[in-house]
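Data block for input_16.txt (compact mmCIF, C-alpha atoms):
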# COMPACT_ATOMS: atom_id res chain seq x y z
CA MET A 1 0.00 0.00 0.00
CA ALA A 2 2.78 2.36 -0.99
CA PRO A 3 1.93 5.71 -2.62
CA TYR A 4 0.98 6.21 -6.23
CA ALA A 5 3.72 7.11 -8.66
CA SER A 6 3.11 10.59 -10.04
CA ASP A 7 5.02 10.47 -13.30
CA ASP A 8 2.04 9.81 -15.60
CA THR A 9 -1.69 10.13 -15.04
CA THR A 10 -2.77 7.23 -17.24
CA SER A 11 0.25 4.90 -17.25
CA GLY A 12 3.40 4.16 -15.33
CA ARG A 13 1.59 3.66 -12.06
CA ARG A 14 2.99 0.85 -9.99
CA LYS A 15 1.69 -2.61 -10.63
CA ALA A 16 -1.69 -3.33 -9.13
CA VAL A 17 -2.52 -6.14 -6.80
CA ARG A 18 -2.11 -9.65 -8.21
CA TYR A 19 -4.55 -12.17 -6.99
CA VAL A 20 -5.33 -15.73 -8.10
CA VAL A 21 -8.92 -16.93 -8.53
CA PRO A 22 -8.45 -20.69 -9.14
CA VAL A 23 -11.92 -21.51 -10.44
CA THR A 24 -12.59 -20.67 -14.07
CA VAL A 25 -9.29 -21.66 -15.69
CA VAL A 26 -6.06 -23.26 -14.59
CA GLY A 27 -3.41 -20.63 -13.96
CA VAL A 28 -5.35 -17.59 -15.16
CA ALA A 29 -8.48 -15.84 -13.89
CA ALA A 30 -9.92 -12.52 -12.92
CA ALA A 31 -8.45 -10.41 -10.18
CA THR A 32 -11.82 -8.96 -9.61
CA ILE A 33 -12.49 -9.30 -5.91
CA GLY A 34 -15.59 -7.39 -4.86
CA LEU A 35 -15.88 -5.20 -1.82
CA VAL A 36 -19.35 -4.44 -0.55
CA PRO A 37 -20.43 -0.81 -0.53
CA ALA A 38 -18.71 1.28 2.10
CA LEU A 39 -20.96 2.91 4.64
CA ALA A 40 -21.94 6.24 3.10
CA ASP A 41 -23.16 9.18 5.13
CA SER A 42 -26.37 10.93 4.15
CA GLY A 43 -26.13 14.15 2.16
CA ASP A 44 -23.51 14.78 -0.50
CA PRO A 45 -20.66 17.12 0.54
CA ASP A 46 -20.24 20.55 -1.07
CA LEU A 47 -16.75 20.45 -2.57
CA PRO A 48 -14.90 22.74 -4.99
CA LYS A 49 -15.41 21.93 -8.66
CA ILE A 50 -12.80 19.64 -10.19
CA THR A 51 -12.28 18.19 -13.68
CA ALA A 52 -11.83 14.50 -14.42
CA GLN A 53 -8.22 15.10 -15.44
CA GLN A 54 -7.52 16.95 -12.20
CA LEU A 55 -9.10 14.16 -10.20
CA ILE A 56 -6.99 11.52 -11.96
CA GLU A 57 -3.91 13.61 -11.23
CA LYS A 58 -4.99 13.87 -7.59
CA ILE A 59 -5.17 10.06 -7.37
CA ALA A 60 -1.75 9.72 -9.03
CA ALA A 61 -0.17 12.21 -6.63
CA SER A 62 -1.61 10.60 -3.48
CA ASP A 63 1.21 9.76 -1.08
CA VAL A 64 -0.67 7.97 1.71
CA GLU A 65 1.62 5.41 3.32
CA GLN A 66 0.15 5.16 6.80
CA LEU A 67 -3.41 4.13 7.52
CA SER A 68 -5.65 1.68 9.32
CA GLY A 69 -9.22 0.74 8.59
CA THR A 70 -11.88 -1.84 7.88
CA VAL A 71 -13.00 -3.04 4.48
CA LYS A 72 -16.04 -5.14 3.60
CA ILE A 73 -15.58 -7.62 0.76
CA THR A 74 -18.19 -9.23 -1.46
CA THR A 75 -17.65 -10.90 -4.82
CA ASP A 76 -20.43 -11.59 -7.30
CA LEU A 77 -18.80 -13.08 -10.39
CA GLY A 78 -21.75 -15.41 -10.90
CA LEU A 79 -19.60 -18.50 -10.37
CA PRO A 80 -21.21 -21.77 -9.31
CA ASP A 81 -20.94 -22.59 -5.63
CA LEU A 82 -18.10 -25.08 -5.40
CA GLY A 83 -18.48 -25.48 -1.66
CA GLY A 84 -14.92 -24.36 -0.91
CA LEU A 85 -13.49 -26.80 -3.48
CA ALA A 86 -11.23 -24.20 -5.07
CA GLY A 87 -9.69 -23.16 -1.78
CA SER A 88 -9.21 -26.76 -0.74
CA LEU A 89 -7.43 -27.58 -3.99
CA ALA A 90 -5.19 -24.54 -3.65
CA SER A 91 -4.34 -25.43 -0.07
CA ALA A 92 -3.66 -29.07 -0.88
CA GLY A 93 -1.34 -28.03 -3.68
CA GLY A 94 0.42 -25.40 -1.63
CA GLY A 95 -1.38 -22.48 -3.21
CA ALA A 96 -0.30 -20.71 -6.34
CA GLY A 97 3.32 -21.60 -5.96
CA GLY A 98 2.70 -25.26 -5.27
CA SER A 99 5.18 -25.40 -2.36
CA GLY A 100 3.12 -24.41 0.61
CA GLY A 101 3.09 -27.85 2.14
CA GLY A 102 -0.69 -27.67 2.49
CA SER A 103 -0.54 -25.16 5.35
CA SER A 104 -3.91 -23.56 6.09
CA ALA A 105 -1.97 -20.39 6.95
CA ASP A 106 -0.35 -20.03 3.51
CA PRO A 107 -1.51 -16.62 2.13
CA SER A 108 -1.47 -17.79 -1.49
CA ALA A 109 -4.15 -20.34 -0.60
CA ARG A 110 -6.12 -18.53 2.09
CA LEU A 111 -6.56 -15.24 0.28
CA THR A 112 -8.29 -17.07 -2.57
CA GLU A 113 -11.30 -17.26 -0.24
CA LEU A 114 -11.95 -13.62 -1.12
CA ALA A 115 -12.98 -14.74 -4.61
CA SER A 116 -16.54 -15.34 -3.43
CA GLY A 117 -18.93 -14.49 -0.65
CA THR A 118 -18.81 -11.67 1.87
CA HIS A 119 -15.82 -10.98 4.10
CA THR A 120 -14.52 -8.32 6.46
CA LEU A 121 -10.88 -7.21 6.42
CA ARG A 122 -9.00 -5.16 8.96
CA ILE A 123 -6.04 -3.39 7.34
CA ALA A 124 -3.04 -1.49 8.69
CA ALA A 125 -0.01 -0.06 6.87
CA ASP A 126 3.11 1.87 7.78
CA GLY A 127 5.09 2.38 4.60
CA PRO A 128 6.28 -0.30 2.16
CA ASP A 129 7.87 -2.50 4.85
CA ARG A 130 5.01 -2.96 7.28
CA GLN A 131 1.49 -4.11 6.50
CA LYS A 132 -1.08 -6.26 8.24
CA VAL A 133 -4.29 -7.72 6.86
CA SER A 134 -6.71 -9.68 9.03
CA LEU A 135 -9.60 -11.69 7.62
CA LEU A 136 -12.26 -11.75 10.34
CA GLU A 137 -14.33 -14.91 10.54
CA ASP A 138 -16.87 -16.37 12.95
CA ALA A 139 -14.98 -17.02 16.20
CA ALA A 140 -11.67 -17.04 14.26
CA GLU A 141 -9.20 -14.79 12.49
CA TYR A 142 -6.67 -15.19 9.72
CA SER A 143 -3.85 -12.63 9.49
CA VAL A 144 -0.99 -11.87 7.12
CA ILE A 145 1.76 -9.68 8.62
CA HIS A 146 4.63 -8.14 6.67
CA ASN A 147 7.26 -6.66 8.97
CA GLY A 148 10.61 -5.86 7.41
CA THR A 149 12.04 -9.02 5.86
CA ASP A 150 9.45 -11.36 7.37
CA VAL A 151 6.01 -12.37 6.14
CA TRP A 152 3.80 -14.31 8.55
CA GLY A 153 0.46 -15.98 7.97
CA TYR A 154 -1.53 -17.14 11.00
CA ASP A 155 -4.76 -19.15 11.06
CA SER A 156 -6.24 -19.07 14.57
CA ALA A 157 -8.82 -21.74 13.71
CA SER A 158 -6.20 -24.40 12.91
CA ASP A 159 -3.42 -22.84 15.02
CA GLU A 160 -1.08 -22.96 12.01
CA VAL A 161 1.62 -20.47 11.04
CA TYR A 162 3.22 -19.87 7.65
CA HIS A 163 6.51 -17.97 7.41
CA SER A 164 8.46 -16.70 4.42
CA LYS A 165 10.86 -13.93 3.54
CA ALA A 166 9.74 -10.71 1.87
CA PRO A 167 11.18 -10.11 -1.62
CA GLU A 168 14.33 -8.07 -1.93
CA GLY A 169 14.69 -4.94 -4.01
CA ALA A 170 11.59 -3.00 -2.96
CA ASP A 171 11.87 0.75 -3.30
CA ALA A 172 9.93 3.50 -1.58
CA HIS A 173 7.12 3.22 -4.12
CA GLY A 174 6.62 -0.52 -3.76
CA LYS A 175 8.16 -1.30 -7.16
CA GLU A 176 9.62 -4.70 -6.52
CA SER A 177 10.19 -8.18 -7.81
CA GLY A 178 7.36 -9.51 -5.70
CA ARG A 179 4.63 -8.51 -3.27
CA THR A 180 3.96 -9.81 0.19
CA GLY A 181 0.76 -11.54 1.14
CA ALA A 182 -0.22 -8.48 3.15
CA GLU A 183 0.17 -6.30 0.06
CA GLN A 184 -2.34 -8.51 -1.72
CA ALA A 185 -5.06 -6.85 0.35
CA PRO A 186 -7.84 -5.76 -2.01
CA THR A 187 -8.37 -2.06 -1.39
CA PRO A 188 -10.14 0.55 -3.53
CA LYS A 189 -6.74 2.10 -4.25
CA GLU A 190 -5.34 -1.11 -5.72
CA PHE A 191 -8.35 -1.60 -7.99
CA ALA A 192 -8.36 2.05 -9.06
CA ASP A 193 -4.65 1.79 -9.90
CA GLN A 194 -5.22 -0.94 -12.42
CA ALA A 195 -8.51 0.29 -13.83
CA LEU A 196 -7.04 3.71 -14.63
CA LYS A 197 -4.27 2.07 -16.66
CA ALA A 198 -6.91 1.13 -19.22
CA VAL A 199 -8.13 4.72 -19.62
CA ASP A 200 -7.51 5.81 -23.21
CA GLY A 201 -9.35 7.33 -26.15
CA THR A 202 -11.95 4.56 -25.99
CA THR A 203 -12.96 5.54 -22.46
CA SER A 204 -15.42 8.09 -21.13
CA VAL A 205 -14.17 9.67 -17.89
CA THR A 206 -16.28 12.18 -15.95
CA VAL A 207 -16.76 13.53 -12.43
CA ASP A 208 -20.07 12.19 -11.14
CA GLY A 209 -20.71 14.37 -8.11
CA THR A 210 -19.59 13.94 -4.52
CA VAL A 211 -20.25 11.48 -1.71
CA HIS A 212 -19.42 10.71 1.93
CA VAL A 213 -17.48 7.45 2.42
CA ALA A 214 -16.39 6.20 5.84
CA GLY A 215 -16.89 9.69 7.26
CA ARG A 216 -14.74 11.33 4.56
CA ASP A 217 -15.69 13.82 1.84
CA ALA A 218 -15.03 12.37 -1.60
CA TYR A 219 -15.40 13.03 -5.31
CA LYS A 220 -16.83 10.35 -7.60
CA LEU A 221 -14.95 9.53 -10.80
CA LEU A 222 -17.01 7.65 -13.39
CA VAL A 223 -15.18 5.54 -15.98
CA LYS A 224 -17.09 3.95 -18.89
CA PRO A 225 -15.39 1.82 -21.56
CA LYS A 226 -16.64 2.39 -25.11
CA ASP A 227 -15.17 -0.82 -26.55
CA ALA A 228 -17.92 -3.09 -27.82
CA ASP A 229 -16.09 -6.26 -26.78
CA SER A 230 -15.54 -5.22 -23.15
CA THR A 231 -17.75 -6.79 -20.49
CA VAL A 232 -17.12 -3.86 -18.15
CA GLY A 233 -20.14 -1.55 -17.97
CA ALA A 234 -18.90 1.22 -15.68
CA ILE A 235 -16.45 1.86 -12.86
CA SER A 236 -17.09 4.38 -10.09
CA ILE A 237 -14.22 5.49 -7.85
CA ALA A 238 -14.82 7.60 -4.73
CA VAL A 239 -11.67 9.69 -4.18
CA ASP A 240 -10.87 11.25 -0.81
CA ALA A 241 -11.03 15.01 -1.33
CA LYS A 242 -8.12 15.69 1.02
CA THR A 243 -5.60 12.89 0.38
CA GLY A 244 -6.55 11.69 -3.11
CA LEU A 245 -6.80 8.11 -1.83
CA PRO A 246 -9.56 6.01 -3.45
CA LEU A 247 -12.02 5.07 -0.71
CA LYS A 248 -14.52 3.11 -2.75
CA PHE A 249 -14.39 1.22 -6.04
CA THR A 250 -17.47 -0.14 -7.80
CA LEU A 251 -17.46 -2.13 -11.04
CA THR A 252 -20.71 -3.05 -12.74
CA PRO A 253 -20.86 -5.40 -15.74
CA LYS A 254 -22.25 -4.41 -19.10
CA SER A 255 -24.86 -7.14 -18.69
CA GLY A 256 -26.36 -5.19 -15.77
CA GLY A 257 -27.50 -6.37 -12.37
CA ALA A 258 -25.57 -6.17 -9.12
CA ALA A 259 -22.00 -4.92 -9.05
CA VAL A 260 -19.28 -7.49 -9.61
CA VAL A 261 -16.78 -5.38 -7.70
CA ASP A 262 -17.86 -2.88 -5.05
CA ALA A 263 -14.91 -1.81 -2.95
CA GLY A 264 -15.10 0.46 0.01
CA PHE A 265 -13.74 1.31 3.43
CA THR A 266 -16.26 1.31 6.25
CA LYS A 267 -13.70 2.91 8.58
CA VAL A 268 -10.40 4.58 7.75
CA HIS A 269 -7.82 6.56 9.75
CA PHE A 270 -4.60 8.09 8.49
CA ALA A 271 -2.62 8.12 11.73
CA LYS A 272 0.51 5.98 12.00
CA PRO A 273 -0.38 2.56 13.44
CA ALA A 274 1.41 1.49 16.59
CA ALA A 275 4.61 -0.44 15.91
CA SER A 276 3.26 -3.35 17.93
CA THR A 277 0.54 -3.81 15.28
CA PHE A 278 3.10 -5.55 13.08
CA ASP A 279 4.76 -7.69 15.77
CA PHE A 280 4.19 -11.42 15.55
CA THR A 281 5.54 -14.42 17.43
CA PRO A 282 4.18 -17.90 16.69
CA PRO A 283 1.96 -19.06 19.55
CA LYS A 284 3.35 -21.88 21.65
CA GLY A 285 2.42 -25.24 20.18
CA ALA A 286 1.39 -23.82 16.79
CA LYS A 287 2.46 -25.74 13.68
CA VAL A 288 4.93 -23.60 11.72
CA THR A 289 5.55 -24.12 7.98
CA GLU A 290 8.56 -22.39 6.44
CA GLY A 291 8.25 -21.03 2.89
CA ASP A 292 11.10 -21.08 0.41
CA ASP A 293 13.61 -18.23 0.26
CA ALA A 294 12.19 -17.10 -3.07
CA GLY A 295 9.03 -15.92 -1.38
CA HIS A 296 6.43 -18.56 -2.30
CA SER A 297 3.61 -16.70 -0.59
CA VAL A 298 4.40 -13.52 -2.46
CA ALA A 299 1.69 -13.07 -5.06
CA GLY A 300 3.80 -10.84 -7.26
CA LYS A 301 6.43 -13.55 -7.62
CA ASP A 302 4.98 -13.83 -11.10
CA LYS A 303 2.52 -16.52 -10.10
CA GLY A 304 -0.54 -14.33 -10.15
CA GLY A 305 -3.67 -14.11 -12.21
CA ALA A 306 -5.05 -11.54 -14.54
CA GLY A 307 -6.40 -8.36 -13.13
CA LEU A 308 -8.64 -5.81 -14.73
CA PRO A 309 -7.66 -4.99 -18.32
CA GLY A 310 -3.89 -4.87 -18.79
CA GLY A 311 -2.87 -8.36 -17.72
CA GLU A 312 0.27 -7.26 -15.84
CA GLY A 313 -0.34 -9.89 -13.19
CA LEU A 314 0.17 -12.63 -15.77
CA GLY A 315 3.71 -11.67 -16.67
CA GLY A 316 5.26 -14.73 -15.03
CA LEU A 317 3.38 -17.34 -17.08
CA ASP A 318 5.63 -18.97 -19.64
CA GLY A 319 4.79 -17.97 -23.20
CA LEU A 320 2.21 -15.42 -22.15
CA ASN A 321 1.02 -12.95 -24.75
CA VAL A 322 -1.31 -10.03 -24.08
CA LEU A 323 -3.40 -9.47 -27.20
CA GLY A 324 -4.77 -5.99 -27.71
CA ASP A 325 -4.70 -3.31 -25.03
CA GLY A 326 -6.91 -1.41 -22.65
CA TRP A 327 -10.37 -2.81 -22.02
CA ASP A 328 -10.17 -5.34 -24.86
CA SER A 329 -6.89 -6.95 -23.79
CA ILE A 330 -6.81 -10.75 -23.78
CA ALA A 331 -4.24 -12.90 -22.00
CA ALA A 332 -3.17 -15.86 -24.13
CA PHE A 333 -0.80 -18.69 -23.40
CA ASP A 334 -0.21 -22.35 -24.21
CA THR A 335 -0.47 -24.78 -21.32
CA GLY A 336 1.86 -27.12 -23.20
CA SER A 337 -0.40 -30.04 -22.34
CA GLY A 338 -1.45 -30.60 -25.95
CA SER A 339 -5.01 -31.04 -24.72
CA GLY A 340 -7.67 -28.99 -23.02
CA LEU A 341 -9.26 -29.92 -19.72
CA PRO A 342 -7.97 -33.17 -18.18
CA SER A 343 -10.39 -36.07 -18.61
CA ALA A 344 -11.07 -38.80 -16.09
CA SER A 345 -11.24 -41.37 -18.89
CA GLY A 346 -7.95 -43.02 -19.59
CA SER A 347 -6.30 -41.54 -16.48
CA SER A 348 -4.07 -43.77 -14.44
CA GLY A 349 -3.18 -43.27 -10.81
CA SER A 350 -5.21 -41.55 -8.16
CA SER A 351 -3.80 -38.08 -8.76
CA LYS A 352 -4.49 -38.22 -12.51
CA GLY A 353 -7.93 -39.65 -11.86
CA GLU A 354 -8.74 -36.83 -9.44
CA ALA A 355 -7.46 -34.21 -11.90
CA GLY A 356 -9.53 -35.79 -14.66
CA ALA A 357 -12.64 -35.85 -12.51
CA PHE A 358 -12.13 -32.18 -11.69
CA GLY A 359 -11.65 -31.45 -15.40
CA ASP A 360 -14.91 -33.20 -16.23
CA PHE A 361 -16.64 -31.34 -13.40
CA LEU A 362 -15.25 -27.99 -14.53
CA GLY A 363 -16.13 -28.74 -18.13
CA SER A 364 -19.77 -29.18 -17.21
CA PHE A 365 -19.94 -25.43 -16.52
CA GLY A 366 -18.54 -24.41 -19.91
CA ASP A 367 -19.93 -23.94 -23.42
CA LYS A 368 -18.40 -25.76 -26.37
CA VAL A 369 -17.34 -23.49 -29.24
CA THR A 370 -15.73 -24.03 -32.63
CA GLY A 371 -13.82 -21.84 -35.04
CA LYS A 372 -10.82 -21.75 -37.33
CA PHE A 373 -8.71 -22.61 -34.30
CA GLY A 374 -10.59 -25.89 -33.87
CA SER A 375 -12.80 -26.42 -30.86
CA GLY A 376 -12.72 -25.63 -27.17
CA THR A 377 -14.68 -24.70 -24.07
CA VAL A 378 -15.62 -21.20 -22.90
CA PHE A 379 -16.08 -20.55 -19.19
CA SER A 380 -18.06 -17.45 -18.36
CA THR A 381 -18.53 -15.27 -15.30
CA ARG A 382 -20.41 -11.99 -15.09
CA LEU A 383 -17.16 -10.19 -15.98
CA VAL A 384 -14.41 -12.50 -17.20
CA ASN A 385 -14.60 -15.12 -19.95
CA ALA A 386 -11.97 -17.74 -20.68
CA LEU A 387 -11.54 -20.05 -23.66
CA ILE A 388 -9.57 -23.28 -23.29
CA THR A 389 -9.00 -24.88 -26.68
CA ASP A 390 -8.88 -28.64 -27.12
CA ASP A 391 -5.17 -28.37 -27.91
CA GLY A 392 -4.39 -26.70 -24.59
CA LYS A 393 -4.30 -23.00 -25.41
CA VAL A 394 -5.95 -20.45 -23.09
CA TYR A 395 -7.48 -17.05 -23.94
CA ALA A 396 -8.96 -15.02 -21.10
CA GLY A 397 -10.08 -11.48 -20.39
CA ALA A 398 -12.90 -9.13 -19.45
CA VAL A 399 -14.24 -9.46 -22.97
CA THR A 400 -17.11 -11.22 -24.72
CA LYS A 401 -17.06 -14.86 -25.76
CA ASP A 402 -17.03 -13.83 -29.42
CA ALA A 403 -13.91 -11.72 -28.82
CA LEU A 404 -12.09 -14.77 -27.43
CA VAL A 405 -13.06 -16.90 -30.44
CA LYS A 406 -11.85 -14.14 -32.79
CA ALA A 407 -8.54 -13.96 -30.90
CA ALA A 408 -8.08 -17.73 -31.11
CA ASP A 409 -8.92 -17.70 -34.84
CA ALA A 410 -6.44 -14.88 -35.47
CA ALA A 411 -3.71 -16.75 -33.58
CA ALA A 412 -4.42 -19.92 -35.58
CA LYS A 413 -3.68 -18.07 -38.85
CA LYS A 414 -0.14 -17.18 -37.74
Could the structure of this file be written out as structure tokens, please?
Amino acid sequence: MAPYASDDTTSGRRKAVRYVVPVTVVGVAAATIGLVPALADSGDPDLPKITAQQLIEKIAASDVEQLSGTVKITTDLGLPDLGGLAGSLASAGGGAGGSGGGSSADPSARLTELASGTHTLRIAADGPDRQKVSLLEDAAEYSVIHNGTDVWGYDSASDEVYHSKAPEGADAHGKESGRTGAEQAPTPKEFADQALKAVDGTTSVTVDGTVHVAGRDAYKLLVKPKDADSTVGAISIAVDAKTGLPLKFTLTPKSGGAAVVDAGFTKVHFAKPAASTFDFTPPKGAKVTEGDDAGHSVAGKDKGGAGLPGGEGLGGLDGLNVLGDGWDSIAAFDTGSGSGLPSASGSSGSSKGEAGAFGDFLGSFGDKVTGKFGSGTVFSTRLVNALITDDGKVYAGAVTKDALVKAADAAAKK
């Protein structure tokens, strides 16, 4: 939660949060985690007039490094209820990096829970070296603490601890080779960062009045893509009038209905948190799992999934190509498997049989499509669509199903 870079108002901002949603496709999915509406006060504040360009510049120049607050999280991607299957698979496989040893405290597995349902987060930050995120649950709490070179994950329900080292090379603006689990916290600022990267000539950007959010006066920035293939209808960002920090982020799909992403603080304070906030010692008797020195539980260790348009979070996937740009960007890569979803038929061994069964189960939620590329299966959410071809290629983005088929056809011609 380091400050925004101020060198360019529409590009060059530091990389946005990378977050894996292991449901729709293997290795790539939307980073669209929803946050329920922040508590808004009655009566819109009377603030000085400001242009959209000035408001974007205000966001870019925001230098908030110290804060604490509470965020409500809800995701409505329209995914089928898998009964926790995705999180269980991620945990069993060690999360995104595959080396977590199955620890229930591994951030790369636990934070995938934010991909669905409603959650409450308590957040604290003191510069780029100290952050804490706590996921509050019924009679339990899960926390990720980044303090200097250490990253801790603690699950009070299972009394398990996960420990790894923070990535080296971070600068004052958070530009680094990787991001700690605590920095994966989905805040309005992180979502606004990435959404504004897609602002170009195909985007309508206006100031849509003012609002109170978490007791703060804020401007509302309204962003509407004009691209026909985009599944994003509109994005509303409530920007703190004093600090320029985004306090609320709402994304509605072009198909209408409830917001897919609605991000907001319910409480926020800009005082420096007490140093003790970031102290952690494993409780006596707790099971401690050590991560690898490379920072397995660091989402930005190029293991992440796609975010809003731009696809920066996919940079670590071998052979990844980002087709197009802005709102119509599509992430494409070859799984190298030579086939699409694993099938239970013909599988040998329990692990292959389980993978095949999951492939058959996942395939039941997709739609078969054909084109010049051959045939494949399209998996759809209310925002992100993904095409997995029968020869193992993947195309995914916040675009229509037809746009994915066109991209696959175009790639087949090359």
Original post:
Which value, in Å to one decimal, gives the distance between CA of Pro225 in chain A and CA of Ala407 in chain A?
Top reply: 19.6 Å
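When only C-alpha atoms are used to compute distances to Val405 in chain A, the closest of the residues A:Asp229, A:Asp279, A:Asp126, A:Asp200 turns out to be A:Asp229.
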**OP:** Might you pull out every residue within 10 Å of Tyr162 in chain A, with only C-alpha atoms counted and same-chain residues fewer than 3 positions away left off, and present them as a list in words?
**Re:** Gly100, Gly101, Ser103, Ser104, Ala105, Asp106, Pro107, Val144, Val151, Trp152, Gly153, Tyr154, Asp155, Pro282, Lys287, Val288, Thr289, Glu290, Gly291 and Ser297 of chain A
**OP:** Find the residues near Pro246 in chain A: any atom within 8 Å, counting only C-alpha atoms, skip ones fewer than 6 places away on the same chain, and give them as an NGL selection string.
**Re:** :A and (59 or 188-189 or 192 or 237-240)
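When all atoms listed in the file are used to compute distances to Pro128 in chain A, the closest of the residues A:Ala61, A:Gly336, A:Gln66, A:Ala157 turns out to be A:Gln66.
For the choices A:Gly326, A:Gly376, A:Gly285, A:Gly256, the atom-to-atom distance to Gln194 in chain A is smallest for A:Gly326 when using all atoms listed in the file.
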**OP:** Identify, on the basis of all atoms listed in the file, every residue whose closest approach to Arg122 in chain A does not exceed 10 Å; exclude the query and any residue fewer than 4 positions from it along the same chain; express the result as a PyMOL selection string.
**Re:** chain A and resi 68-72+132-136+143+185+265+267-268
Original post:
How would you write as number ranges by chain the residues that get within 9 Å of (-13.0, 11.8, 3.3) in the file's frame, counting only C-alpha atoms?
Top reply: A: 211-218, 239-243, 245, 247, 268
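With CA of Ser230 in chain A on one side and CA of Ala331 in chain A on the other, the separation reads 13.7 Å.
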**OP:** One decimal, Å: what's the distance from CA of Phe373 in chain A over to CA of Phe333 in chain A, could you say?
**Re:** 14.0 Å
Subject >> Pick from A:Ala125, A:Val260, A:Leu47, A:Ile73 nearest to Ala274 in chain A, counting all atoms listed in the file >> reply: A:Ala125
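Here the question is which of A:Ala198, A:Ala412, A:Ala166, A:Val394 gets nearest to Asn147 in chain A using all atoms listed in the file, and that residue is A:Ala166.
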Original post:
Which one is closest to Glu65 in chain A: A:Gly264, A:Gly117, A:Pro273, A:Gly148? Count all atoms listed in the file.
Top reply: A:Pro273
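Every protein or nucleic acid residue with an atom no more than 10 Å from Leu323 in chain A, counting only C-alpha atoms and leaving out same-chain residues fewer than 3 positions away, appears here: Gly310, Gly311, Leu320, Gly326, Asp328, Ser329, Ile330, Ala331, Ala332, Tyr395, Ala396, Gly397, Ala407 and Ala411 of chain A.
With only C-alpha atoms taken into account, the protein and nucleic acid residues at most 10 Å from Glu137 in chain A (excluding it and anything under 2 positions from it in its own chain) are His119, Thr120, Leu121, Ser134, Leu135, Ala139, Ala140, Glu141, Tyr142, Ser156 and Ala157 of chain A.
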